[in-house]
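Heads up, input28.cif below (mmCIF, C-alpha atoms):
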data_upload
#
loop_
_atom_site.label_atom_id
_atom_site.label_comp_id
_atom_site.auth_asym_id
_atom_site.auth_seq_id
_atom_site.Cartn_x
_atom_site.Cartn_y
_atom_site.Cartn_z
CA MET A 1269 0.00 0.00 0.00
CA LYS A 1270 1.34 3.44 -0.94
CA ILE A 1271 0.79 6.13 1.70
CA ALA A 1272 1.59 9.82 1.38
CA VAL A 1273 2.34 11.25 4.82
CA ILE A 1274 1.94 15.02 4.67
CA GLY A 1275 3.88 16.50 7.57
CA GLY A 1276 5.89 13.31 7.51
CA THR A 1277 9.12 14.75 8.91
CA GLY A 1278 7.74 15.94 12.26
CA LEU A 1279 7.47 14.32 15.69
CA ILE A 1280 4.54 12.07 14.81
CA GLY A 1281 4.94 11.94 11.03
CA SER A 1282 8.50 10.62 11.04
CA GLN A 1283 7.47 7.77 13.34
CA VAL A 1284 4.37 7.00 11.27
CA VAL A 1285 6.54 6.72 8.16
CA ARG A 1286 9.00 4.45 9.94
CA ASN A 1287 6.24 2.21 11.31
CA LEU A 1288 4.52 1.87 7.95
CA ASN A 1289 7.70 1.13 6.02
CA SER A 1290 8.85 -1.41 8.59
CA SER A 1291 5.57 -3.28 8.15
CA GLY A 1292 6.01 -3.55 4.38
CA HIS A 1293 4.12 -0.53 3.09
CA GLU A 1294 5.48 2.30 0.95
CA ALA A 1295 5.17 5.43 3.08
CA VAL A 1296 6.60 8.64 1.65
CA PRO A 1297 7.15 11.70 3.88
CA HIS A 1298 6.23 15.12 2.51
CA SER A 1299 6.72 18.56 4.06
CA LEU A 1300 7.94 22.05 3.26
CA SER A 1301 11.47 20.66 3.34
CA THR A 1302 10.61 18.24 0.52
CA GLY A 1303 8.87 20.92 -1.57
CA VAL A 1304 5.25 20.44 -0.51
CA ASP A 1305 3.41 23.56 0.65
CA VAL A 1306 -0.15 22.86 1.81
CA ILE A 1307 -1.05 26.57 1.75
CA THR A 1308 0.12 27.52 -1.75
CA GLY A 1309 -0.59 24.04 -3.09
CA GLN A 1310 2.94 23.64 -4.43
CA GLY A 1311 3.92 19.98 -4.79
CA ILE A 1312 0.64 18.54 -3.45
CA GLU A 1313 -0.51 16.85 -6.66
CA GLN A 1314 2.84 15.14 -7.07
CA ALA A 1315 2.83 14.09 -3.40
CA VAL A 1316 -0.54 12.34 -3.56
CA GLU A 1317 -0.11 10.90 -7.06
CA GLY A 1318 -0.57 7.12 -6.95
CA ALA A 1319 -1.23 7.10 -3.20
CA ASP A 1320 -3.83 4.75 -1.76
CA VAL A 1321 -3.93 6.74 1.48
CA VAL A 1322 -3.11 10.31 2.50
CA VAL A 1323 -2.21 10.94 6.14
CA ASN A 1324 -2.28 14.66 6.94
CA LEU A 1325 -0.21 15.52 10.02
CA THR A 1326 0.47 19.16 9.20
CA ASN A 1327 -0.27 21.71 11.88
CA SER A 1328 -0.98 25.41 12.10
CA PRO A 1329 2.13 27.49 12.90
CA THR A 1330 0.07 29.43 15.46
CA PHE A 1331 -2.60 28.54 18.02
CA ASP A 1332 -4.51 31.81 17.76
CA GLU A 1333 -7.27 33.25 15.58
CA ALA A 1334 -5.14 32.67 12.48
CA SER A 1335 -5.28 28.89 12.85
CA PRO A 1336 -8.71 28.33 11.21
CA ALA A 1337 -7.45 29.88 7.96
CA PHE A 1338 -4.52 27.45 7.92
CA PHE A 1339 -6.72 24.40 8.29
CA ARG A 1340 -9.33 25.60 5.79
CA THR A 1341 -6.78 26.32 3.07
CA SER A 1342 -4.63 23.25 3.68
CA MET A 1343 -7.60 20.87 3.79
CA ASP A 1344 -9.19 22.38 0.68
CA ASN A 1345 -5.92 21.94 -1.21
CA LEU A 1346 -5.24 18.42 0.03
CA LEU A 1347 -8.78 17.10 -0.40
CA ASP A 1348 -9.06 18.54 -3.89
CA ALA A 1349 -5.79 16.94 -4.98
CA SER A 1350 -6.69 13.66 -3.26
CA GLN A 1351 -10.03 13.45 -5.06
CA ARG A 1352 -8.41 14.13 -8.44
CA GLY A 1353 -5.71 11.57 -7.67
CA GLY A 1354 -8.14 8.81 -6.75
CA VAL A 1355 -7.03 8.54 -3.11
CA GLY A 1356 -9.26 6.09 -1.25
CA HIS A 1357 -8.61 7.04 2.38
CA PHE A 1358 -7.71 10.34 4.09
CA VAL A 1359 -6.52 10.36 7.73
CA ILE A 1360 -6.01 13.26 10.11
CA LEU A 1361 -4.85 13.53 13.72
CA SER A 1362 -7.01 15.60 16.06
CA ILE A 1363 -7.61 16.06 19.80
CA VAL A 1364 -9.82 14.12 22.20
CA GLY A 1365 -12.74 16.32 23.26
CA VAL A 1366 -11.80 19.03 20.76
CA ASP A 1367 -15.45 19.91 20.19
CA GLN A 1368 -15.98 20.47 23.92
CA VAL A 1369 -13.68 23.51 24.21
CA PRO A 1370 -15.05 26.25 21.91
CA GLN A 1371 -13.32 28.89 24.07
CA LEU A 1372 -9.98 28.10 22.39
CA ASP A 1373 -9.24 29.40 18.88
CA TYR A 1374 -7.04 26.41 18.08
CA TYR A 1375 -9.63 23.86 19.20
CA ARG A 1376 -12.27 25.55 17.05
CA ALA A 1377 -9.81 25.39 14.16
CA LYS A 1378 -9.31 21.65 14.64
CA VAL A 1379 -13.09 21.15 14.70
CA LEU A 1380 -13.20 23.01 11.39
CA GLN A 1381 -10.55 20.66 10.00
CA GLU A 1382 -12.62 17.65 11.10
CA ASP A 1383 -15.79 19.11 9.58
CA LEU A 1384 -14.09 19.80 6.26
CA LEU A 1385 -12.89 16.20 6.15
CA LYS A 1386 -16.32 14.79 7.03
CA ALA A 1387 -17.97 16.85 4.31
CA GLY A 1388 -15.24 16.14 1.78
CA PRO A 1389 -15.10 13.80 -1.20
CA VAL A 1390 -12.73 11.15 0.18
CA PRO A 1391 -13.49 8.32 2.67
CA TYR A 1392 -11.83 9.31 5.93
CA SER A 1393 -10.65 8.47 9.41
CA ILE A 1394 -10.06 10.85 12.34
CA VAL A 1395 -7.69 9.81 15.12
CA ARG A 1396 -8.21 11.92 18.22
CA ALA A 1397 -5.41 11.78 20.81
CA THR A 1398 -4.98 13.18 24.29
CA GLN A 1399 -2.10 15.49 25.31
CA PHE A 1400 1.35 14.27 24.17
CA MET A 1401 3.84 13.49 26.93
CA GLU A 1402 6.49 15.22 24.83
CA PHE A 1403 4.65 18.53 25.20
CA ILE A 1404 4.32 18.57 28.99
CA ASP A 1405 7.53 20.60 29.43
CA ALA A 1406 6.15 23.24 27.07
CA VAL A 1407 2.86 23.34 28.97
CA LEU A 1408 4.78 23.95 32.20
CA SER A 1409 6.89 26.68 30.61
CA TRP A 1410 3.84 28.75 29.60
CA THR A 1411 3.10 29.69 33.22
CA ALA A 1412 6.50 29.33 34.86
CA ASP A 1413 8.98 31.85 36.21
CA ALA A 1414 12.12 31.56 38.29
CA GLU A 1415 10.13 31.15 41.50
CA ALA A 1416 7.23 28.82 40.71
CA VAL A 1417 5.09 27.04 38.11
CA ARG A 1418 1.38 27.88 38.09
CA LEU A 1419 -0.99 25.24 36.76
CA PRO A 1420 -4.70 24.47 36.93
CA ALA A 1421 -5.93 21.12 38.24
CA THR A 1422 -7.41 20.25 34.85
CA PRO A 1423 -7.52 16.45 34.35
CA ILE A 1424 -5.38 15.26 31.45
CA GLN A 1425 -4.46 11.82 30.12
CA PRO A 1426 -0.96 12.03 28.62
CA ILE A 1427 0.03 9.72 25.78
CA ALA A 1428 3.49 9.04 24.33
CA ALA A 1429 4.13 10.20 20.77
CA ARG A 1430 5.27 6.71 19.77
CA ASP A 1431 1.88 5.33 20.83
CA VAL A 1432 0.11 8.04 18.82
CA ALA A 1433 2.21 7.21 15.76
CA ALA A 1434 1.45 3.51 16.12
CA ALA A 1435 -2.29 4.23 16.28
CA VAL A 1436 -2.20 6.52 13.24
CA ALA A 1437 -0.26 3.93 11.23
CA GLU A 1438 -2.73 1.21 12.21
CA VAL A 1439 -5.72 3.29 11.16
CA ALA A 1440 -4.04 4.34 7.90
CA VAL A 1441 -3.74 0.78 6.61
CA GLY A 1442 -7.25 -0.22 7.68
CA ALA A 1443 -10.59 0.46 6.07
CA PRO A 1444 -11.78 4.08 6.37
CA LEU A 1445 -13.64 4.58 9.64
CA ASN A 1446 -15.76 7.42 8.28
CA GLY A 1447 -15.71 8.35 11.92
CA ILE A 1448 -13.45 8.93 14.92
CA ARG A 1449 -11.10 6.73 16.94
CA ASN A 1450 -10.14 8.12 20.36
CA ILE A 1451 -6.78 7.18 21.84
CA GLY A 1452 -5.23 8.14 25.17
CA GLY A 1453 -2.68 7.26 27.78
CA PRO A 1454 -3.39 4.70 30.50
CA GLU A 1455 -3.49 7.21 33.39
CA VAL A 1456 -5.31 10.41 34.29
CA PHE A 1457 -3.53 13.17 36.24
CA ALA A 1458 -4.52 16.58 37.49
CA LEU A 1459 -2.24 18.91 35.51
CA ASP A 1460 -0.83 20.54 38.63
CA GLU A 1461 0.09 17.13 40.05
CA LEU A 1462 1.63 16.10 36.74
CA GLY A 1463 3.73 19.25 36.95
CA ARG A 1464 5.00 18.19 40.38
CA VAL A 1465 5.87 14.72 39.11
CA THR A 1466 7.74 16.21 36.15
CA LEU A 1467 9.71 18.79 38.13
CA SER A 1468 10.65 16.21 40.75
CA HIS A 1469 12.02 13.89 38.08
CA GLN A 1470 14.05 16.78 36.64
CA GLY A 1471 15.46 17.75 40.04
CA ASP A 1472 13.67 21.11 39.84
CA ASP A 1473 12.66 22.27 43.33
CA ARG A 1474 10.30 25.04 42.23
CA PRO A 1475 6.84 24.63 43.75
CA VAL A 1476 3.77 24.07 41.60
CA VAL A 1477 1.03 26.50 42.61
CA THR A 1478 -2.49 25.38 41.79
CA ASP A 1479 -4.04 28.23 39.83
CA PRO A 1480 -7.35 27.65 38.01
CA THR A 1481 -6.67 30.66 35.73
CA ALA A 1482 -3.17 29.70 34.56
CA GLY A 1483 -2.38 28.79 30.96
CA MET A 1484 -4.31 27.40 28.03
CA PHE A 1485 -5.69 24.45 29.98
CA ALA A 1486 -7.49 26.84 32.33
CA ALA A 1487 -10.04 27.22 29.53
CA VAL A 1488 -10.85 23.52 29.59
CA GLU A 1489 -13.90 23.21 31.77
CA GLY A 1490 -14.65 19.77 33.17
CA GLU A 1491 -12.94 16.62 31.93
CA VAL A 1492 -11.78 16.25 28.34
CA LEU A 1493 -10.73 12.62 28.55
CA THR A 1494 -11.27 9.41 26.62
CA ASP A 1495 -14.43 7.40 27.16
CA ARG A 1496 -14.72 3.67 27.81
CA ASN A 1497 -14.71 2.90 24.08
CA ALA A 1498 -11.31 4.53 23.50
CA HIS A 1499 -8.09 2.71 22.71
CA LEU A 1500 -5.66 3.10 25.62
CA ALA A 1501 -1.92 3.02 25.04
CA ALA A 1502 0.46 1.08 27.27
CA THR A 1503 3.14 3.68 28.10
CA ARG A 1504 2.84 5.21 31.58
CA TYR A 1505 4.12 8.71 32.19
CA THR A 1506 6.71 7.82 34.83
CA ASP A 1507 8.06 5.05 32.57
CA TRP A 1508 8.29 7.54 29.71
CA LEU A 1509 10.15 10.02 31.96
CA ALA A 1510 12.59 7.29 32.93
#

Structure rendered as structure tokens:
Amino acid sequence: MKIAVIGGTGLIGSQVVRNLNSSGHEAVPHSLSTGVDVITGQGIEQAVEGADVVVNLTNSPTFDEASPAFFRTSMDNLLDASQRGGVGHFVILSIVGVDQVPQLDYYRAKVLQEDLLKAGPVPYSIVRATQFMEFIDAVLSWTADAEAVRLPATPIQPIAARDVAAAVAEVAVGAPLNGIRNIGGPEVFALDELGRVTLSHQGDDRPVVTDPTAGMFAAVEGEVLTDRNAHLAATRYTDWLA
């Protein structure tokens, strides 16, 4: 099976390509560095030519009000080229509970991406994942200073990038879901407690102050977690830290 992985040189994309090729498929990574621009459309037709599946792992360069325009333009370009090229399956990676947080520009933009795919001309699958373990340091840095780290007690369910990549690769070679598969890590933490676990492992003695107004996750009201029908990965956060 030939699979075009758009955004195939990034954190998830590079692992998806490796997983697919190691299992006998022909996965080709495409990105700006290989001459594919999902906004201008440059190189897209050549990238999807002859592909059975397109996996779109590109992401908006910003998380603000500009992000919807990125997803609208990129999806329009990719879906149009995929339809003309006879692609039979289009896969994207999204966020668990993304439609439950309309307060965030980026989450609304991801919902738009999902809606464009659902209404598009190509059979599709959406893989929704919880927060990547690899991004926890960045989350802490948003509300940190030299004295303390401020975090809300928002429940999150961190998942390792390698587990996300494995799930995306599995979905890509299967029949189109024409729906959503939710994936998440095996444990749920309050974000402030996860911050304490992370800093302790790093030997950082700054305190974590519980602040319900701190950072992007302060906008997440209630629990945005997987349900009982989700696929849970095996990697635990403390094992990943180790």

Discussion item. For Ala1429 in chain A, find every residue with an atom within 12 Å (counting all atoms listed in the file), except residues of its own chain fewer than 4 positions away, and show them as a PyMOL selection string.
Written reply: chain A and resi 1278-1284+1361+1397-1404+1433-1436+1451-1453+1501-1505+1508

Writer output for current selection, C-alpha atoms, as a short mmCIF file (atom, residue, chain, number, x, y, z; two decimals), keeping the file's coordinate frame:
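And here is the file that came out, again-v1.cif:
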data_model
loop_
_atom_site.label_atom_id
_atom_site.label_comp_id
_atom_site.auth_asym_id
_atom_site.auth_seq_id
_atom_site.Cartn_x
_atom_site.Cartn_y
_atom_site.Cartn_z
CA GLY A 1278 7.74 15.94 12.26
CA LEU A 1279 7.47 14.32 15.69
CA ILE A 1280 4.54 12.07 14.81
CA GLY A 1281 4.94 11.94 11.03
CA SER A 1282 8.50 10.62 11.04
CA GLN A 1283 7.47 7.77 13.34
CA VAL A 1284 4.37 7.00 11.27
CA LEU A 1361 -4.85 13.53 13.72
CA ALA A 1397 -5.41 11.78 20.81
CA THR A 1398 -4.98 13.18 24.29
CA GLN A 1399 -2.10 15.49 25.31
CA PHE A 1400 1.35 14.27 24.17
CA MET A 1401 3.84 13.49 26.93
CA GLU A 1402 6.49 15.22 24.83
CA PHE A 1403 4.65 18.53 25.20
CA ILE A 1404 4.32 18.57 28.99
CA ALA A 1433 2.21 7.21 15.76
CA ALA A 1434 1.45 3.51 16.12
CA ALA A 1435 -2.29 4.23 16.28
CA VAL A 1436 -2.20 6.52 13.24
CA ILE A 1451 -6.78 7.18 21.84
CA GLY A 1452 -5.23 8.14 25.17
CA GLY A 1453 -2.68 7.26 27.78
CA ALA A 1501 -1.92 3.02 25.04
CA ALA A 1502 0.46 1.08 27.27
CA THR A 1503 3.14 3.68 28.10
CA ARG A 1504 2.84 5.21 31.58
CA TYR A 1505 4.12 8.71 32.19
CA TRP A 1508 8.29 7.54 29.71
#

Item to complete: Up to 8 Å from (15.2, 26.8, 45.8) in the file's coordinates: name the residues, counting all atoms listed in the file, as a PyMOL selection string.
Response: chain A and resi 1415+1473-1474

Practice prompt. Please provide as a PyMOL selection string all residues within 10 Å of range 1285-1289 of chain A, with the sequence filter that same-chain residues fewer than 4 positions apart are discarded (counting only C-alpha atoms).
Written response: chain A and resi 1269-1273+1276-1277+1280-1281+1293-1297+1323+1430+1433-1434+1436-1438+1440-1441

Fill in: Target residues per the PyMOL selection byres ((chain A and resi 1349) around 10), formatted as a list in words
Gly1309, Ile1312, Glu1313, Gln1314, Ala1315, Val1316, Glu1317, Met1343, Asp1344, Asn1345, Leu1346, Leu1347, Asp1348, Ser1350, Gln1351, Arg1352, Gly1353, Gly1354 and Val1355 of chain A

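Checking A:Gln1371, A:Ser1362, A:Asn1324, A:Gln1381 one by one against Ala1337 in chain A, counting only C-alpha atoms, you find the shortest gap at A:Gln1381.
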
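A straight line drawn from CA of Val1439 in chain A to CA of Leu1385 in chain A is 15.6 Å long.
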
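The result of the PyMOL selection byres ((chain A and resi 1481) around 12) on the shown file is Thr1411, Arg1418, Leu1419, Pro1420, Ala1421, Thr1422, Val1477, Thr1478, Asp1479, Pro1480, Ala1482, Gly1483, Met1484, Phe1485, Ala1486, Ala1487, Val1488 and Glu1489 of chain A.
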
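Coordinates place CA of Val1321 in chain A at a distance of 20.9 Å from CA of Ile1363 in chain A.
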
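Counting all atoms listed in the file, the residue from A:Asp1305, A:Asp1460, A:Asp1472, A:Asp1320 that sits nearest to Val1407 in chain A is A:Asp1460.
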
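With only C-alpha atoms as the atoms that count, the minimum distance from Asn1450 in chain A to the choices A:Leu1372, A:Ala1416, A:Val1390, A:Val1364 is reached by A:Val1364.
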
Worksheet item: Near Ile1448 in chain A, within 8 Å and counting only C-alpha atoms, which residues show up once chain neighbours fewer than 4 positions away are dropped, as an MDAnalysis selection string?
Response: chainID A and resid 1393:1396

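Here CA of Ser1328 in chain A and CA of Asp1373 in chain A stand 11.4 Å from one another.
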
Discussion item. From the options A:Asp1367, A:Asp1332, A:Asp1405, A:Asp1431, which residue's atoms come nearest to Val1492 in chain A, counting all atoms listed in the file?
Written reply: A:Asp1367
